[in-house]
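What follows is query_37.txt (compact mmCIF, C-alpha atoms).
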# COMPACT_ATOMS: atom_id res chain seq x y z
CA MET A 1 93.03 154.30 254.39
CA LYS A 2 92.83 155.46 250.79
CA VAL A 3 92.25 159.15 250.08
CA THR A 4 89.37 158.38 247.68
CA ARG A 5 87.44 156.59 250.46
CA LEU A 6 87.89 159.57 252.77
CA LYS A 7 86.73 161.99 250.06
CA LYS A 8 83.63 159.91 249.34
CA ALA A 9 82.76 159.69 253.03
CA ASN A 10 83.24 163.44 253.50
CA LYS A 11 81.11 164.20 250.45
CA ARG A 12 78.30 161.94 251.63
CA ILE A 13 78.18 163.26 255.19
CA ASN A 14 78.18 166.84 253.87
CA PHE A 15 75.23 165.91 251.65
CA TYR A 16 73.17 165.08 254.76
CA ILE A 17 74.44 168.20 256.54
CA ASN A 18 73.43 170.49 253.66
CA HIS A 19 70.06 168.93 252.80
CA PHE A 20 68.69 167.31 255.98
CA GLY A 21 69.88 169.39 258.90
CA TYR A 22 72.58 167.10 260.29
CA HIS A 23 74.99 169.08 262.43
CA GLN A 24 78.18 168.53 264.39
CA PRO A 25 78.70 166.54 266.48
CA ILE A 26 77.11 163.96 264.15
CA GLN A 27 75.05 161.49 266.17
CA VAL A 28 75.82 157.85 265.32
CA LEU A 29 73.25 155.38 266.65
CA LEU A 30 74.80 151.91 267.11
CA ASP A 31 73.03 148.60 267.58
CA GLY A 32 74.28 145.27 268.91
CA THR A 33 75.02 143.81 265.45
CA PHE A 34 77.45 146.62 264.61
CA CYS A 35 79.23 146.36 267.96
CA PHE A 36 79.52 142.57 267.55
CA ALA A 37 81.11 142.97 264.06
CA ALA A 38 83.51 145.59 265.49
CA PHE A 39 84.51 143.29 268.38
CA LYS A 40 84.98 140.33 266.02
CA ASN A 41 87.23 142.30 263.59
CA LYS A 42 89.03 144.25 266.37
CA PHE A 43 87.65 147.51 265.03
CA MET A 44 88.13 150.50 267.35
CA ILE A 45 84.74 152.12 266.88
CA GLU A 46 85.26 155.66 268.16
CA GLU A 47 88.80 156.24 266.87
CA GLN A 48 88.44 154.67 263.45
CA LEU A 49 85.04 156.21 262.70
CA LYS A 50 86.42 159.69 263.47
CA ASN A 51 89.37 159.05 261.16
CA TYR A 52 87.02 157.80 258.46
CA LEU A 53 84.39 160.58 258.55
CA GLN A 54 86.86 163.37 259.45
CA ILE A 55 84.21 165.05 261.57
CA GLU A 56 83.18 165.35 265.21
CA LEU A 57 80.98 162.42 266.30
CA ARG A 58 78.79 161.41 269.23
CA LEU A 59 78.19 157.67 269.66
CA LEU A 60 74.78 156.70 271.05
CA THR A 61 72.81 153.57 271.91
CA THR A 62 69.48 152.83 273.63
CA PRO A 63 68.32 150.59 276.52
CA CYS A 64 66.38 148.44 274.04
CA MET A 65 69.60 147.52 272.22
CA ILE A 66 71.41 146.61 275.43
CA ILE A 67 68.52 144.42 276.64
CA GLU A 68 68.24 142.72 273.22
CA THR A 69 71.98 141.92 273.18
CA GLU A 70 71.92 140.57 276.74
CA LYS A 71 69.27 138.03 275.69
CA LEU A 72 71.61 136.57 273.04
CA GLY A 73 73.67 134.70 275.67
CA PRO A 74 77.12 134.72 277.28
CA LYS A 75 78.85 134.86 273.90
CA PHE A 76 77.76 138.49 273.57
CA ILE A 77 78.88 139.67 277.03
CA PRO A 78 81.84 141.68 275.55
CA VAL A 79 79.40 143.35 273.17
CA VAL A 80 77.06 144.23 276.02
CA ASN A 81 79.96 145.69 278.00
CA LYS A 82 80.94 147.80 274.99
CA LEU A 83 77.37 149.07 274.55
CA LYS A 84 77.26 150.08 278.21
CA THR A 85 80.34 152.32 277.70
CA ILE A 86 78.53 154.26 274.95
CA GLN A 87 76.34 157.24 275.80
CA LEU A 88 72.79 156.09 276.52
CA ASN A 89 69.98 157.87 274.66
CA ARG A 90 66.49 157.59 276.13
CA CYS A 91 64.12 156.06 273.63
CA GLY A 92 60.89 156.00 275.67
CA HIS A 93 60.70 152.19 275.71
CA GLU A 94 62.31 151.68 279.11
CA LYS A 95 59.21 150.16 280.68
CA ASN A 96 58.29 148.06 277.64
CA PRO A 97 61.52 147.27 275.74
CA ILE A 98 61.24 146.45 272.04
CA SER A 99 63.68 145.01 269.49
CA GLY A 100 66.70 147.05 268.47
CA ALA A 101 65.45 147.42 264.88
CA ASP A 102 62.02 148.68 265.99
CA CYS A 103 63.65 151.04 268.46
CA ILE A 104 65.79 152.55 265.69
CA LYS A 105 62.76 152.95 263.39
CA ALA A 106 60.98 154.88 266.15
CA MET A 107 64.04 157.02 266.92
CA VAL A 108 64.71 158.23 263.35
CA LYS A 109 61.23 159.72 262.95
CA GLU A 110 62.04 162.75 265.09
CA ASN A 111 65.85 163.04 265.02
CA ARG A 112 68.72 162.84 262.53
CA TYR A 113 71.08 159.92 263.11
CA VAL A 114 73.69 157.99 261.21
CA ILE A 115 72.50 154.42 261.78
CA ALA A 116 75.34 151.94 262.32
CA THR A 117 74.01 148.41 261.85
CA GLN A 118 74.82 145.04 260.26
CA ASP A 119 71.17 143.94 260.27
CA ARG A 120 70.30 143.31 256.58
CA ASP A 121 66.54 143.75 257.05
CA LEU A 122 67.05 147.03 258.87
CA GLN A 123 69.46 148.19 256.15
CA GLU A 124 66.84 147.56 253.45
CA TRP A 125 64.25 149.50 255.45
CA ILE A 126 66.64 152.48 255.82
CA ARG A 127 67.33 152.53 252.05
CA LYS A 128 63.62 153.07 251.40
CA GLN A 129 63.48 156.07 253.76
CA ILE A 130 64.37 159.69 253.01
CA GLY A 131 67.31 161.45 254.62
CA ILE A 132 68.67 158.63 256.84
CA ALA A 133 72.40 157.88 256.61
CA LEU A 134 73.48 154.22 256.77
CA LEU A 135 76.85 153.03 258.10
CA TYR A 136 78.12 149.44 258.22
CA LEU A 137 81.36 147.45 258.34
CA HIS A 138 82.76 145.50 255.42
CA ASN A 139 85.15 143.24 257.35
CA VAL A 140 87.42 145.88 258.96
CA VAL A 141 86.51 148.69 256.58
CA PRO A 142 83.74 151.18 257.51
CA ASN A 143 81.41 152.29 254.75
CA LEU A 144 79.03 155.24 254.81
CA GLU A 145 76.60 154.28 252.06
CA GLU A 146 75.78 156.82 249.38
CA PRO A 147 72.32 158.48 249.62
CA SER A 148 69.52 156.13 248.65
CA LEU A 149 67.47 156.46 245.47
CA ALA A 150 64.47 157.67 247.48
CA THR A 151 66.62 160.41 249.05
CA THR A 152 68.11 161.65 245.77
CA LYS A 153 64.67 161.73 244.08
CA PHE A 154 63.31 163.77 246.98
CA ILE A 155 66.15 166.31 246.72
CA ASN A 156 65.70 166.62 242.92
CA ARG A 157 61.96 167.30 243.29
CA LYS A 158 62.64 169.80 246.04
CA SER A 159 65.21 171.69 243.97
CA LYS A 160 62.82 171.88 240.99
CA LYS A 161 60.02 173.23 243.18
CA SER A 162 62.28 175.84 244.75
CA ALA A 163 63.42 176.95 241.27
CA ASN A 164 59.80 177.33 240.11
CA VAL A 165 58.86 179.24 243.28
CA SER A 166 61.80 181.64 242.87
CA ASN A 167 60.80 182.34 239.25
CA PHE A 168 57.19 182.97 240.29
CA GLU A 169 58.27 185.31 243.10
CA GLY A 170 60.53 187.18 240.68
CA GLU A 171 57.62 187.78 238.28
CA GLN A 172 55.42 188.99 241.13
CA LEU A 173 58.10 191.46 242.25
CA LYS A 174 58.37 192.83 238.71
CA GLN A 175 54.60 193.37 238.52
CA ILE A 176 54.56 195.15 241.89
CA LYS A 177 57.43 197.42 240.83
CA LYS A 178 55.63 198.27 237.59
CA LYS A 179 52.49 199.22 239.52
CA GLU A 180 54.51 201.42 241.88
CA GLY A 181 56.22 203.05 238.91
CA LEU A 182 59.67 201.85 239.94
CA ILE A 183 60.19 200.17 236.61
CA GLY A 184 59.37 201.88 233.32
CA GLU A 185 58.59 199.99 230.21
CA LYS A 186 61.52 200.17 227.86
CA LYS A 187 60.68 201.38 224.37
CA ILE A 188 62.22 199.23 221.76
CA LYS A 189 63.73 201.27 218.95
CA LYS A 190 63.03 199.95 215.50
CA VAL A 191 66.19 199.60 213.51
CA LYS A 192 65.82 200.22 209.82
CA ILE A 193 67.55 197.59 207.80
CA LYS A 194 68.96 198.80 204.52
CA LYS A 195 68.12 196.49 201.70
CA LYS A 196 70.76 195.62 199.24
CA GLY A 197 69.95 196.92 195.73
CA GLY A 198 71.48 198.12 192.50
CA PRO A 199 73.18 201.46 191.91
CA ASN A 200 71.30 204.73 192.12
CA PRO A 201 69.46 205.22 188.76
CA LEU A 202 70.18 208.97 188.85
CA SER A 203 73.91 208.35 188.96
CA CYS A 204 73.58 206.10 185.90
CA LYS A 205 71.68 208.72 183.87
CA LYS A 206 73.21 209.31 180.45
CA LYS A 207 74.59 212.74 179.65
CA GLN A 208 72.32 214.65 177.32
CA ALA A 209 73.85 215.70 173.98
CA LYS A 210 74.10 219.42 173.41
CA SER A 211 71.35 220.71 171.13
CA SER A 212 72.04 222.36 167.79
CA CYS A 213 70.69 225.65 169.04
CA ASN A 214 73.26 225.66 171.78
CA LEU A 215 75.99 225.04 169.22
CA ASN A 216 74.75 227.90 167.04
CA SER A 217 74.70 230.26 169.95
CA ILE A 218 78.28 229.32 170.82
CA GLN A 219 79.40 229.86 167.23
CA ASN A 220 77.69 233.27 167.06
CA LYS A 221 79.46 234.26 170.22
CA THR A 222 82.84 233.33 168.74
CA ILE A 223 82.03 235.31 165.57
CA ASP A 224 81.05 238.35 167.57
CA LYS A 225 84.33 238.16 169.42
CA THR A 226 86.31 238.05 166.19
CA LYS A 227 84.32 240.96 164.83
CA LYS A 228 85.17 242.99 167.82
CA ILE A 229 88.81 242.19 167.36
CA ARG A 230 88.84 243.10 163.63
CA ARG A 231 87.30 246.58 163.94
CA LYS A 232 88.94 249.22 161.68
CA VAL A 233 90.82 252.02 163.26
CA LYS A 234 89.84 255.46 162.09
CA VAL A 235 92.79 257.27 160.45
CA PRO A 236 92.80 261.09 160.54
CA LYS A 237 92.40 262.92 157.25
CA ILE A 238 95.84 264.58 157.41
CA ILE A 239 97.55 261.22 157.51
CA LYS A 240 95.38 259.97 154.68
CA ASP A 241 96.35 262.99 152.54
CA GLN A 242 100.00 262.48 153.19
CA ILE A 243 99.75 258.81 152.24
CA GLN A 244 97.97 259.73 149.02
CA LYS A 245 100.62 262.32 148.14
CA LYS A 246 103.36 259.78 148.64
CA GLU A 247 101.54 257.35 146.39
CA ILE A 248 101.31 260.04 143.65
CA LYS A 249 105.01 260.83 143.92
CA VAL A 250 105.91 257.25 143.54
CA ASP A 251 103.90 256.94 140.39

Write-out of the structure in structure tokens:
Amino acid sequence: MKVTRLKKANKRINFYINHFGYHQPIQVLLDGTFCFAAFKNKFMIEEQLKNYLQIELRLLTTPCMIIETEKLGPKFIPVVNKLKTIQLNRCGHEKNPISGADCIKAMVKENRYVIATQDRDLQEWIRKQIGIALLYLHNVVPNLEEPSLATTKFINRKSKKSANVSNFEGEQLKQIKKKEGLIGEKKIKKVKIKKKGGPNPLSCKKKQAKSSCNLNSIQNKTIDKTKKIRRKVKVPKIIKDQIQKKEIKVD
């Protein structure tokens, strides 16, 4: 058996386990049509279904299905014998037996089964229901059908509702915590955004020219300094007299 078929089967059975409460051992409810197809194609029901689903199984049938198959004639005696070897599940119709299809429809209302059938009308009815797994044989190959459209729509609606409920509960918890003072309101600091502009006008201010009065004052200061430097040194009278005498002698 191909690995991809096994992976698909495992994925599909886990879908029903996760979303609809199926649990191990998985209960497989077989009718006479499935057992007849298995007998015709030499399909070993218990062994090959376990290899296909890779999970622990429990095969079940009901008295209604055995009685219905017995009425089909001697051709179906091997099928009846096979059904009698499978674990019998009480359906509540022992006193007033009904058809196998009606018995299955009554059984799936309260319990979770994988329905194994070749009945086309029953298959169509199962596809319109929510959360019922369908198994059938394609010649010798078993096929666990993917979840029906009704089932997938139900799961999608359920997931959306649970998401909305969780968001609502989260908001309620926040409000309760605020009332109890467990959560303080965070003050949002305003960040000042510096606007891009030209250069600072003060830095571009032209240097003022020095006034004429300032120039005059500077010049006066320089003159005063020179005056101080050029002061005459007082010569004593004795030296002056000597200089004069020398000048007279020279003449």

May I ask which of the residues A:Gln118, A:Thr62, A:Asn41, A:Ser159 is the closest one to A:Asn143, counting only C-alpha atoms?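 Under the stated criterion, the closest residue is A:Gln118.
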
Test item: residues at most 8 Å from A:Pro147, all atoms listed in the file, excluding those fewer than 3 positions along its chain, as a PyMOL selection string: chain A and resi 12+131+133+151-152

Please save C-alpha atoms of the selected residues as a PDB file, keeping the file's coordinate frame.
ATOM      1  CA  ARG A  12      78.300 161.940 251.630  1.00  0.00           C
ATOM      2  CA  GLY A 131      67.310 161.450 254.620  1.00  0.00           C
ATOM      3  CA  ALA A 133      72.400 157.880 256.610  1.00  0.00           C
ATOM      4  CA  THR A 151      66.620 160.410 249.050  1.00  0.00           C
ATOM      5  CA  THR A 152      68.110 161.650 245.770  1.00  0.00           C
TER       6      THR A 152
END

For A:Phe39, list every protein, DNA or RNA residue within 12 Å, evaluated using all atoms listed in the file, and leave out those in the same chain fewer than 2 positions away; present the list as number ranges by chain. A: 32-37, 41-45, 75-83, 137, 139-140

Nearest to A:Lys7 by atom-to-atom distance, counting all atoms listed in the file, from A:Ala116, A:Leu144, A:Val28, A:Leu88: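 Counting all atoms listed in the file, the residue closest to A:Lys7 is A:Leu144.
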
Counting all atoms listed in the file, the option among A:Gln129, A:Thr61, A:Thr117, A:Asn14 closest to A:Gln27: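 Among the listed residues, A:Thr61 lies closest to A:Gln27.
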
Rounded to one decimal in Å, what is the spacing between atom CA of A:Ser99 and atom CA of A:Lys71?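 Rounded to one decimal, the two atoms are 10.9 Å apart.
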
Hey, can you check how far atom CA of A:Lys95 sits from atom CA of A:Ile67?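 It comes out at 11.7 Å.
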
So which one's closest to A:Lys105, A:Val141, A:Leu135, A:Leu29, A:Ile13? Using only C-alpha atoms, please.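 Answer, going by the shortest atom-to-atom distance: A:Leu29.
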
In Å, how far is it from atom CA of A:Leu53 to atom CA of A:Asn156?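 Between atom CA of A:Leu53 and atom CA of A:Asn156 the gap works out to 25.1 Å.
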
Selection near A:Val3, 12 Å with all atoms listed in the file, sequence-local residues under 6 positions removed, as a PyMOL selection string: chain A and resi 9-10+51-54
